[in-house]
Amino acid sequence: MDFSVRLKELRTDNDMSQTELAQKLNLKASAISKYEKGITQPAIETLKKLAQIFCVTVDYLIGLSDIRNPYDISNITPNEVELVEHFRKLSYENKIRIDERIKTIIDKDILYDK
């Protein structure tokens, strides 16, 4: 999904008008309209501000990722929390071993999925 579509989606999901978003960015509503139509692209600083306003990453905004905020704890399942808790109790050496095993398992899964 490209930036223009994603921006409009985020803005409408947050019940925000183009004018309201423009005010938060110290821009004119016409700038937001041009972004959403794909006519112009925002500056990097504007992208950063948009990411903060919508609590997403810049990668999500520009379409490099479909995960809005990978650092949001609500994306973590209870099972994943338990795994992290167990991992934290391990010695440094065992953490390295677990990391190596996980990478091996992932490599095998990728190999068999092809």
# chains A, B, ... in the order shown; residues from 1 in each chain; ligands from 1
$ select_by_dssp --residues "range 29-95 of chain A" --states "alpha helix (DSSP H)" --output "PyMOL selection string"
chain A and resi 29-37+44-54+58-61+78-88+92-95
$ residues_around --residues "Leu50 in chain A" --least-positions-apart "2" --cutoff "10 Å" --atoms "only C-alpha atoms" --output "ChimeraX atom specification"
/A:7,10-11,21,24-25,42,44-48,52-58,61
$ write_last_selection --atoms "N, CA and C atoms" --output "short mmCIF file (atom, residue, chain, number, x, y, z; two decimals), in the first residue's frame"
data_model
loop_
_atom_site.label_atom_id
_atom_site.label_comp_id
_atom_site.auth_asym_id
_atom_site.auth_seq_id
_atom_site.Cartn_x
_atom_site.Cartn_y
_atom_site.Cartn_z
N LEU A 7 -2.09 7.22 4.37
CA LEU A 7 -2.35 8.46 5.09
C LEU A 7 -3.85 8.71 5.22
N LEU A 10 -5.39 6.27 7.73
CA LEU A 10 -5.09 6.64 9.11
C LEU A 10 -5.89 7.85 9.56
N ARG A 11 -5.97 8.83 8.69
CA ARG A 11 -6.70 10.05 9.04
C ARG A 11 -8.18 9.76 9.26
N LEU A 21 -5.80 17.68 10.59
CA LEU A 21 -4.46 17.11 10.46
C LEU A 21 -3.47 18.20 10.04
N LYS A 24 -2.34 20.28 12.95
CA LYS A 24 -1.36 19.59 13.81
C LYS A 24 0.05 19.64 13.22
N LEU A 25 0.11 19.73 11.88
CA LEU A 25 1.39 19.73 11.18
C LEU A 25 1.85 21.13 10.78
N PRO A 42 5.49 14.26 1.41
CA PRO A 42 5.91 15.09 2.54
C PRO A 42 7.41 15.03 2.77
N ILE A 44 10.74 14.65 5.19
CA ILE A 44 11.05 13.64 6.21
C ILE A 44 10.54 14.09 7.58
N GLU A 45 10.72 15.35 7.92
CA GLU A 45 10.24 15.84 9.21
C GLU A 45 8.72 15.70 9.33
N THR A 46 8.02 15.93 8.25
CA THR A 46 6.56 15.78 8.26
C THR A 46 6.18 14.31 8.44
N LEU A 47 6.92 13.42 7.79
CA LEU A 47 6.68 11.98 7.98
C LEU A 47 6.85 11.59 9.44
N LYS A 48 7.89 12.10 10.07
CA LYS A 48 8.12 11.80 11.49
C LYS A 48 6.95 12.28 12.34
N GLN A 52 4.20 10.11 14.64
CA GLN A 52 3.89 10.39 16.05
C GLN A 52 2.40 10.62 16.27
N ILE A 53 1.78 11.37 15.37
CA ILE A 53 0.36 11.67 15.50
C ILE A 53 -0.48 10.39 15.48
N PHE A 54 -0.13 9.48 14.57
CA PHE A 54 -0.93 8.26 14.39
C PHE A 54 -0.38 7.04 15.14
N CYS A 55 0.71 7.23 15.89
CA CYS A 55 1.33 6.13 16.66
C CYS A 55 1.68 4.94 15.76
N VAL A 56 2.31 5.25 14.64
CA VAL A 56 2.78 4.23 13.71
C VAL A 56 4.24 4.53 13.38
N THR A 57 4.88 3.61 12.69
CA THR A 57 6.26 3.85 12.26
C THR A 57 6.25 4.54 10.89
N VAL A 58 7.35 5.17 10.57
CA VAL A 58 7.51 5.76 9.23
C VAL A 58 7.47 4.65 8.19
N LEU A 61 3.96 4.04 7.39
CA LEU A 61 3.41 5.14 6.59
C LEU A 61 3.77 5.03 5.11
#
$ atom_distance --atom1 "CA of Lys37 in chain A" --atom2 "CA of Asp2 in chain A"
10.8 Å
$ atom_distance --atom1 "CA of Ser30 in chain A" --atom2 "CA of Gln18 in chain A"
8.0 Å
$ closest_residue --among "A:Pro78, A:Tyr92, A:Ala31, A:Leu111" --to "Ala43 in chain A" --atoms "only C-alpha atoms"
A:Ala31
$ residues_around --residues "Ala22 in chain A" --least-positions-apart "6" --cutoff "8 Å" --atoms "only C-alpha atoms" --output "list in words"
Lys28, Ala29, Ala31 and Ile32 of chain A
$ atom_distance --atom1 "CA of Tyr71 in chain A" --atom2 "CA of Glu85 in chain A"
16.9 Å
$ closest_residue --among "A:Val81, A:Lys108, A:Asp113, A:Ala51" --to "Arg68 in chain A" --atoms "only C-alpha atoms"
A:Ala51
$ residues_around --residues "Gly63 in chain A" --least-positions-apart "2" --cutoff "10 Å" --atoms "only C-alpha atoms" --output "list in words"
Met1, Asp2, Phe3, Ser4, Val5, Arg6, Thr57, Val58, Asp59, Tyr60, Leu61, Ser65, Asp66 and Ile67 of chain A
